[in-house]
Each structure stands twice: as C-alpha cells, then as structure tokens.
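> coords-v9.tsv is the file, holding TSV, N, CA and C atoms:
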```tsv
chain	number	residue	atom	x	y	z
A	1	MET	N	-97.89	63.92	101.20
A	1	MET	CA	-97.56	64.30	102.57
A	1	MET	C	-97.31	65.80	102.63
A	2	SER	N	-97.87	66.48	103.65
A	2	SER	CA	-97.73	67.93	103.76
A	2	SER	C	-96.35	68.30	104.29
A	3	ASP	N	-95.99	69.52	104.02
A	3	ASP	CA	-94.70	70.03	104.48
A	3	ASP	C	-94.90	70.69	105.85
A	4	SER	N	-95.06	69.87	106.87
A	4	SER	CA	-95.30	70.40	108.21
A	4	SER	C	-94.51	69.58	109.22
A	5	ILE	N	-94.36	70.16	110.41
A	5	ILE	CA	-93.69	69.46	111.50
A	5	ILE	C	-94.58	69.49	112.73
A	6	ARG	N	-94.35	68.58	113.63
A	6	ARG	CA	-95.13	68.52	114.86
A	6	ARG	C	-94.34	69.23	115.95
A	7	ILE	N	-95.04	70.07	116.71
A	7	ILE	CA	-94.45	70.77	117.85
A	7	ILE	C	-95.33	70.50	119.06
A	8	THR	N	-94.72	70.18	120.16
A	8	THR	CA	-95.45	69.94	121.40
A	8	THR	C	-95.23	71.13	122.33
A	9	ILE	N	-96.32	71.63	122.92
A	9	ILE	CA	-96.20	72.76	123.85
A	9	ILE	C	-96.93	72.44	125.15
A	10	ARG	N	-96.59	73.16	126.18
A	10	ARG	CA	-97.29	73.06	127.46
A	10	ARG	C	-98.01	74.38	127.70
A	11	LEU	N	-99.26	74.29	128.15
A	11	LEU	CA	-100.07	75.47	128.47
A	11	LEU	C	-100.64	75.31	129.86
A	12	SER	N	-101.02	76.42	130.44
A	12	SER	CA	-101.72	76.34	131.72
A	12	SER	C	-103.07	75.68	131.47
A	13	ARG	N	-103.62	75.08	132.49
A	13	ARG	CA	-104.93	74.44	132.36
A	13	ARG	C	-105.98	75.48	131.93
A	14	ALA	N	-105.89	76.67	132.52
A	14	ALA	CA	-106.87	77.72	132.20
A	14	ALA	C	-106.81	78.09	130.72
A	15	ALA	N	-105.59	78.24	130.18
A	15	ALA	CA	-105.44	78.57	128.76
A	15	ALA	C	-105.99	77.45	127.88
A	16	ALA	N	-105.66	76.22	128.23
A	16	ALA	CA	-106.14	75.07	127.45
A	16	ALA	C	-107.66	75.01	127.46
A	17	GLU	N	-108.27	75.30	128.60
A	17	GLU	CA	-109.73	75.27	128.70
A	17	GLU	C	-110.37	76.36	127.83
A	18	LYS	N	-109.74	77.52	127.78
A	18	LYS	CA	-110.26	78.60	126.93
A	18	LYS	C	-110.16	78.21	125.46
A	19	LEU	N	-109.06	77.56	125.09
A	19	LEU	CA	-108.90	77.11	123.71
A	19	LEU	C	-109.97	76.06	123.37
A	20	GLU	N	-110.23	75.17	124.30
A	20	GLU	CA	-111.27	74.15	124.11
A	20	GLU	C	-112.64	74.79	123.92
A	21	GLU	N	-112.89	75.90	124.62
A	21	GLU	CA	-114.17	76.60	124.46
A	21	GLU	C	-114.35	77.07	123.03
A	22	LEU	N	-113.25	77.51	122.40
A	22	LEU	CA	-113.34	77.95	121.01
A	22	LEU	C	-113.70	76.79	120.08
A	23	VAL	N	-113.17	75.62	120.39
A	23	VAL	CA	-113.51	74.43	119.59
A	23	VAL	C	-114.97	74.05	119.83
A	24	LYS	N	-115.39	74.04	121.08
A	24	LYS	CA	-116.77	73.66	121.41
A	24	LYS	C	-117.79	74.63	120.81
A	25	SER	N	-117.40	75.90	120.69
A	25	SER	CA	-118.31	76.89	120.12
A	25	SER	C	-118.50	76.69	118.62
A	26	GLY	N	-117.63	75.87	118.03
A	26	GLY	CA	-117.72	75.62	116.59
A	26	GLY	C	-116.90	76.59	115.76
A	27	GLU	N	-116.25	77.52	116.44
A	27	GLU	CA	-115.45	78.51	115.71
A	27	GLU	C	-114.22	77.87	115.05
A	28	TYR	N	-113.71	76.80	115.67
A	28	TYR	CA	-112.55	76.08	115.14
A	28	TYR	C	-112.86	74.58	115.15
A	29	LYS	N	-112.20	73.86	114.22
A	29	LYS	CA	-112.40	72.41	114.11
A	29	LYS	C	-111.83	71.65	115.30
A	30	ASN	N	-110.62	72.05	115.72
A	30	ASN	CA	-109.93	71.33	116.79
A	30	ASN	C	-108.88	72.24	117.42
A	31	LEU	N	-108.21	71.76	118.45
A	31	LEU	CA	-107.20	72.56	119.15
A	31	LEU	C	-106.06	72.95	118.22
A	32	SER	N	-105.65	72.04	117.37
A	32	SER	CA	-104.55	72.35	116.44
A	32	SER	C	-104.92	73.54	115.56
A	33	ASP	N	-106.17	73.59	115.11
A	33	ASP	CA	-106.63	74.69	114.27
A	33	ASP	C	-106.57	76.01	115.03
A	34	VAL	N	-106.94	76.00	116.30
A	34	VAL	CA	-106.89	77.21	117.14
A	34	VAL	C	-105.45	77.68	117.28
A	35	VAL	N	-104.56	76.77	117.63
A	35	VAL	CA	-103.16	77.13	117.87
A	35	VAL	C	-102.50	77.58	116.56
A	36	ARG	N	-102.79	76.88	115.46
A	36	ARG	CA	-102.22	77.27	114.15
A	36	ARG	C	-102.63	78.69	113.79
A	37	THR	N	-103.92	79.00	113.98
A	37	THR	CA	-104.43	80.34	113.67
A	37	THR	C	-103.73	81.39	114.54
A	38	ALA	N	-103.59	81.10	115.82
A	38	ALA	CA	-102.93	82.05	116.73
A	38	ALA	C	-101.48	82.29	116.30
A	39	ILE	N	-100.79	81.23	115.95
A	39	ILE	CA	-99.39	81.36	115.54
A	39	ILE	C	-99.28	82.11	114.21
A	40	GLU	N	-100.16	81.80	113.26
A	40	GLU	CA	-100.14	82.51	111.98
A	40	GLU	C	-100.40	84.00	112.17
A	41	ASN	N	-101.34	84.35	113.04
A	41	ASN	CA	-101.61	85.77	113.32
A	41	ASN	C	-100.41	86.44	113.97
A	42	PHE	N	-99.79	85.75	114.91
A	42	PHE	CA	-98.60	86.26	115.59
A	42	PHE	C	-97.48	86.52	114.58
A	43	LEU	N	-97.24	85.56	113.71
A	43	LEU	CA	-96.17	85.70	112.71
A	43	LEU	C	-96.49	86.81	111.71
A	44	ALA	N	-97.75	86.92	111.30
A	44	ALA	CA	-98.14	87.98	110.37
A	44	ALA	C	-97.88	89.35	110.98
A	45	GLU	N	-98.13	89.48	112.28
A	45	GLU	CA	-97.88	90.75	112.97
A	45	GLU	C	-96.39	91.02	113.10
A	46	LYS	N	-95.63	90.03	113.50
A	46	LYS	CA	-94.20	90.20	113.75
A	46	LYS	C	-93.40	90.39	112.46
A	47	PHE	N	-93.87	89.82	111.37
A	47	PHE	CA	-93.13	89.90	110.11
A	47	PHE	C	-93.84	90.74	109.06
A	48	ALA	N	-94.62	91.71	109.52
A	48	ALA	CA	-95.31	92.62	108.60
A	48	ALA	C	-94.26	93.45	107.87
A	49	PRO	N	-94.57	93.92	106.67
A	49	PRO	CA	-93.63	94.80	105.95
A	49	PRO	C	-93.25	95.99	106.82
A	50	LYS	N	-92.05	96.52	106.60
A	50	LYS	CA	-91.52	97.62	107.43
A	50	LYS	C	-92.42	98.85	107.44
A	51	ASN	N	-93.15	99.10	106.35
A	51	ASN	CA	-94.00	100.29	106.29
A	51	ASN	C	-95.38	100.05	106.90
A	52	ILE	N	-95.60	98.86	107.45
A	52	ILE	CA	-96.89	98.51	108.05
A	52	ILE	C	-96.69	98.18	109.52
A	53	GLU	N	-97.56	98.70	110.34
A	53	GLU	CA	-97.56	98.30	111.74
A	53	GLU	C	-98.95	97.78	112.07
A	54	LYS	N	-99.00	96.56	112.52
A	54	LYS	CA	-100.28	95.96	112.86
A	54	LYS	C	-100.61	96.30	114.31
A	55	VAL	N	-101.86	96.61	114.54
A	55	VAL	CA	-102.32	96.89	115.89
A	55	VAL	C	-103.54	96.04	116.18
A	56	SER	N	-103.76	95.80	117.43
A	56	SER	CA	-104.91	95.04	117.88
A	56	SER	C	-105.92	96.03	118.45
A	57	VAL	N	-107.19	95.86	118.11
A	57	VAL	CA	-108.22	96.79	118.56
A	57	VAL	C	-109.32	96.01	119.25
A	58	ASP	N	-109.66	96.44	120.46
A	58	ASP	CA	-110.80	95.88	121.17
A	58	ASP	C	-111.98	96.81	120.95
A	59	LEU	N	-113.05	96.29	120.38
A	59	LEU	CA	-114.23	97.10	120.07
A	59	LEU	C	-115.46	96.54	120.77
A	60	PRO	N	-116.37	97.41	121.14
A	60	PRO	CA	-117.63	96.93	121.70
A	60	PRO	C	-118.37	96.08	120.65
A	61	LYS	N	-119.11	95.09	121.11
A	61	LYS	CA	-119.83	94.21	120.19
A	61	LYS	C	-120.78	94.99	119.28
A	62	SER	N	-121.36	96.07	119.80
A	62	SER	CA	-122.28	96.86	118.97
A	62	SER	C	-121.55	97.52	117.80
A	63	THR	N	-120.32	97.95	118.03
A	63	THR	CA	-119.52	98.55	116.96
A	63	THR	C	-119.15	97.49	115.92
A	64	VAL	N	-118.77	96.32	116.40
A	64	VAL	CA	-118.44	95.23	115.49
A	64	VAL	C	-119.66	94.87	114.65
A	65	ALA	N	-120.82	94.85	115.28
A	65	ALA	CA	-122.06	94.53	114.55
A	65	ALA	C	-122.31	95.55	113.44
A	66	MET	N	-122.05	96.83	113.71
A	66	MET	CA	-122.22	97.86	112.69
A	66	MET	C	-121.22	97.66	111.55
A	67	LEU	N	-119.98	97.31	111.90
A	67	LEU	CA	-118.97	97.06	110.88
A	67	LEU	C	-119.34	95.85	110.02
A	68	VAL	N	-119.87	94.82	110.64
A	68	VAL	CA	-120.31	93.63	109.90
A	68	VAL	C	-121.41	94.02	108.90
A	69	LYS	N	-122.30	94.93	109.31
A	69	LYS	CA	-123.35	95.39	108.39
A	69	LYS	C	-122.75	96.10	107.19
A	70	LEU	N	-121.68	96.87	107.41
A	70	LEU	CA	-121.00	97.52	106.28
A	70	LEU	C	-120.43	96.48	105.32
A	71	VAL	N	-119.85	95.43	105.89
A	71	VAL	CA	-119.30	94.35	105.06
A	71	VAL	C	-120.43	93.69	104.28
A	72	ASP	N	-121.51	93.36	104.98
A	72	ASP	CA	-122.66	92.70	104.33
A	72	ASP	C	-123.25	93.57	103.22
A	73	ALA	N	-123.20	94.88	103.40
A	73	ALA	CA	-123.74	95.80	102.40
A	73	ALA	C	-122.77	96.00	101.22
A	74	GLY	N	-121.57	95.44	101.34
A	74	GLY	CA	-120.60	95.55	100.25
A	74	GLY	C	-119.71	96.78	100.35
A	75	ASP	N	-119.78	97.50	101.47
A	75	ASP	CA	-118.95	98.69	101.65
A	75	ASP	C	-117.52	98.35	102.03
A	76	ALA	N	-117.27	97.11	102.40
A	76	ALA	CA	-115.92	96.66	102.76
A	76	ALA	C	-115.81	95.18	102.39
A	77	VAL	N	-114.58	94.75	102.11
A	77	VAL	CA	-114.33	93.37	101.72
A	77	VAL	C	-114.54	92.43	102.89
A	78	ASP	N	-114.03	92.83	104.04
A	78	ASP	CA	-114.15	92.03	105.26
A	78	ASP	C	-114.06	92.95	106.46
A	79	LEU	N	-114.12	92.38	107.64
A	79	LEU	CA	-114.11	93.18	108.87
A	79	LEU	C	-112.82	93.99	109.00
A	80	ASP	N	-111.68	93.37	108.68
A	80	ASP	CA	-110.40	94.10	108.75
A	80	ASP	C	-110.40	95.30	107.82
A	81	ASP	N	-110.94	95.13	106.62
A	81	ASP	CA	-111.01	96.22	105.65
A	81	ASP	C	-111.91	97.34	106.17
A	82	ALA	N	-113.03	96.98	106.79
A	82	ALA	CA	-113.94	97.99	107.34
A	82	ALA	C	-113.26	98.79	108.44
A	83	ILE	N	-112.50	98.12	109.29
A	83	ILE	CA	-111.79	98.81	110.38
A	83	ILE	C	-110.70	99.71	109.81
A	84	ARG	N	-109.92	99.20	108.85
A	84	ARG	CA	-108.87	100.02	108.23
A	84	ARG	C	-109.47	101.28	107.61
A	85	THR	N	-110.58	101.13	106.90
A	85	THR	CA	-111.23	102.26	106.25
A	85	THR	C	-111.72	103.27	107.28
A	86	ALA	N	-112.33	102.78	108.35
A	86	ALA	CA	-112.83	103.68	109.40
A	86	ALA	C	-111.69	104.47	110.04
A	87	VAL	N	-110.60	103.79	110.34
A	87	VAL	CA	-109.45	104.47	110.96
A	87	VAL	C	-108.85	105.48	109.99
A	88	ARG	N	-108.69	105.08	108.73
A	88	ARG	CA	-108.11	105.98	107.72
A	88	ARG	C	-108.95	107.25	107.57
A	89	GLU	N	-110.29	107.09	107.51
A	89	GLU	CA	-111.17	108.26	107.38
A	89	GLU	C	-111.13	109.15	108.62
A	90	TYR	N	-111.07	108.55	109.79
A	90	TYR	CA	-110.96	109.32	111.03
A	90	TYR	C	-109.68	110.15	111.03
A	91	VAL	N	-108.57	109.53	110.66
A	91	VAL	CA	-107.28	110.24	110.64
A	91	VAL	C	-107.32	111.37	109.61
A	92	ARG	N	-107.89	111.12	108.45
A	92	ARG	CA	-107.99	112.18	107.43
A	92	ARG	C	-108.78	113.37	107.95
A	93	ARG	N	-109.92	113.09	108.62
A	93	ARG	CA	-110.73	114.19	109.18
A	93	ARG	C	-109.94	114.97	110.22
A	94	GLN	N	-109.23	114.26	111.10
A	94	GLN	CA	-108.46	114.93	112.15
A	94	GLN	C	-107.35	115.79	111.54
A	95	ILE	N	-106.67	115.28	110.54
A	95	ILE	CA	-105.59	116.04	109.89
A	95	ILE	C	-106.18	117.26	109.19
A	96	SER	N	-107.31	117.11	108.53
A	96	SER	CA	-107.96	118.25	107.86
A	96	SER	C	-108.33	119.32	108.87
A	97	GLU	N	-108.85	118.90	110.01
A	97	GLU	CA	-109.23	119.85	111.05
A	97	GLU	C	-107.99	120.59	111.59
A	98	LEU	N	-106.92	119.86	111.83
A	98	LEU	CA	-105.68	120.49	112.30
A	98	LEU	C	-105.14	121.48	111.28
A	99	ALA	N	-105.19	121.11	110.01
A	99	ALA	CA	-104.72	122.00	108.95
A	99	ALA	C	-105.58	123.26	108.89
A	100	ARG	N	-106.90	123.09	108.99
A	100	ARG	CA	-107.80	124.24	108.96
A	100	ARG	C	-107.51	125.18	110.12
A	101	GLU	N	-107.32	124.63	111.32
A	101	GLU	CA	-107.02	125.45	112.49
A	101	GLU	C	-105.70	126.18	112.32
A	102	SER	N	-104.71	125.52	111.74
A	102	SER	CA	-103.41	126.14	111.51
A	102	SER	C	-103.53	127.31	110.53
A	103	ILE	N	-104.29	127.12	109.47
A	103	ILE	CA	-104.48	128.18	108.48
A	103	ILE	C	-105.21	129.36	109.11
A	104	GLU	N	-106.23	129.08	109.92
A	104	GLU	CA	-106.96	130.15	110.58
A	104	GLU	C	-106.05	130.95	111.51
A	105	ARG	N	-105.16	130.28	112.23
A	105	ARG	CA	-104.21	130.98	113.11
A	105	ARG	C	-103.29	131.89	112.30
A	106	GLU	N	-102.81	131.38	111.17
A	106	GLU	CA	-101.91	132.18	110.32
A	106	GLU	C	-102.63	133.40	109.77
A	107	ILE	N	-103.88	133.24	109.37
A	107	ILE	CA	-104.65	134.38	108.84
A	107	ILE	C	-104.85	135.42	109.93
A	108	LYS	N	-105.17	134.98	111.15
A	108	LYS	CA	-105.36	135.91	112.26
A	108	LYS	C	-104.07	136.66	112.55
A	109	LYS	N	-102.94	135.99	112.50
A	109	LYS	CA	-101.64	136.64	112.72
A	109	LYS	C	-101.40	137.71	111.67
A	110	GLU	N	-101.72	137.40	110.40
A	110	GLU	CA	-101.52	138.36	109.31
A	110	GLU	C	-102.42	139.58	109.49
A	111	ILE	N	-103.66	139.34	109.92
A	111	ILE	CA	-104.61	140.46	110.12
A	111	ILE	C	-104.09	141.37	111.24
A	112	ILE	N	-103.66	140.76	112.35
A	112	ILE	CA	-103.14	141.54	113.47
A	112	ILE	C	-101.89	142.31	113.03
A	113	LYS	N	-101.05	141.67	112.27
A	113	LYS	CA	-99.81	142.31	111.77
A	113	LYS	C	-100.13	143.51	110.89
A	114	GLU	N	-101.14	143.35	110.00
A	114	GLU	CA	-101.52	144.43	109.10
A	114	GLU	C	-102.18	145.59	109.85
A	115	GLU	N	-102.89	145.27	110.94
A	115	GLU	CA	-103.55	146.30	111.72
A	115	GLU	C	-102.58	147.11	112.58
A	116	SER	N	-101.39	146.54	112.79
A	116	SER	CA	-100.41	147.22	113.65
A	116	SER	C	-99.67	148.29	112.95
```
Spit out the file's structure as structure tokens when you get a sec.


Amino acid sequence: MSDSIRITIRLSRAAAEKLEELVKSGEYKNLSDVVRTAIENFLAEKFAPKNIEKVSVDLPKSTVAMLVKLVDAGDAVDLDDAIRTAVREYVRRQISELARESIEREIKKEIIKEES
C-alpha cells in the first residue's frame, strides 16, 4: 500500500474542463495525474532552496521548438536546462557589457584628468 492520502477539492467547471483537455490530449493519464503534477510543481517552487528562486517563463512556440532542438542535439539535458543555460549566458553577456562600459568611462575620466 502506498503512503498517500485522498484529498477532495472543488474547482470551477471551466478549470475542470481545461484539466480534462490535458487528459484527452494524452499529456496526462488521468485528472489525478494532472492535479498531482500541478501540486508537485507548486511545492517545488514554494520550497526551493533559499539561494534559488524559481520563475515561470512564457515563451513563443517557435522559441520552445528551438530549445527542444538544442536538447535533441545533446546541448542540454532537458528543456529546463536549456532555458537555464540561455538565461545564464544572456546575463553573463549583459554583465560583461556593463563592465566594459564602466571601464571605458573610467579611462575617459583619467584621460580628461591628465589633459587638464
């Protein structure tokens, strides 16, 4: 016997119908599977380690398709890894650019100071 408990919830008809669509699409086995996944994701976000903040990202389907190709090519373990890598690289580039601009400003200040 599994270590689980039964919980009963009430949802709006519209929400229940959307959940049923996920089951009908074949993405999930049944409604319980959909709700379990949603709750597990919610808990993972809420109880993430203190040094981690989880964010939700809405991406155009074309971008997701490109990320899936990276995963298929072996450049990332899964879609989440591909997104993390893309964000990390973007932030590194932005920080490098800011640092370069800061150094250039300091050099210009020194040149002006020496010319005075």

> Using only C-alpha atoms, which residues sit within 12 Å of Asn30 (chain A) once same-chain residues fewer than 5 positions away are excluded, as a ChimeraX atom specification?

/A:16,19-25,35-37

> Could the centre and edge lengths of an axis-aligned box, enclosing all atoms of region 68-81 of chain A in the file with 5 Å extra on each side, be given in Å to one decimal as JSON?


```
{"center_x": -117.1, "center_y": 95.4, "center_z": 105.4, "size_x": 23.3, "size_y": 16.7, "size_z": 20.4}
```

> Write out as a count of residues only the residues lying within 10 Å of region 50-66 of chain A, counting only C-alpha atoms and excluding same-chain residues fewer than 5 positions away.

7

> Report the distance between atom C of Ser4 (chain A) and CA of Lys46 (chain A) in Å, rounded to one decimal place.

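We find that atom C of Ser4 (chain A) and CA of Lys46 (chain A) lie 21.1 Å from each other.
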
> To one decimal place, how far is atom C of Val91 (chain A) from atom C of Pro49 (chain A) in Å?

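Between these atoms lies a distance of 21.0 Å.
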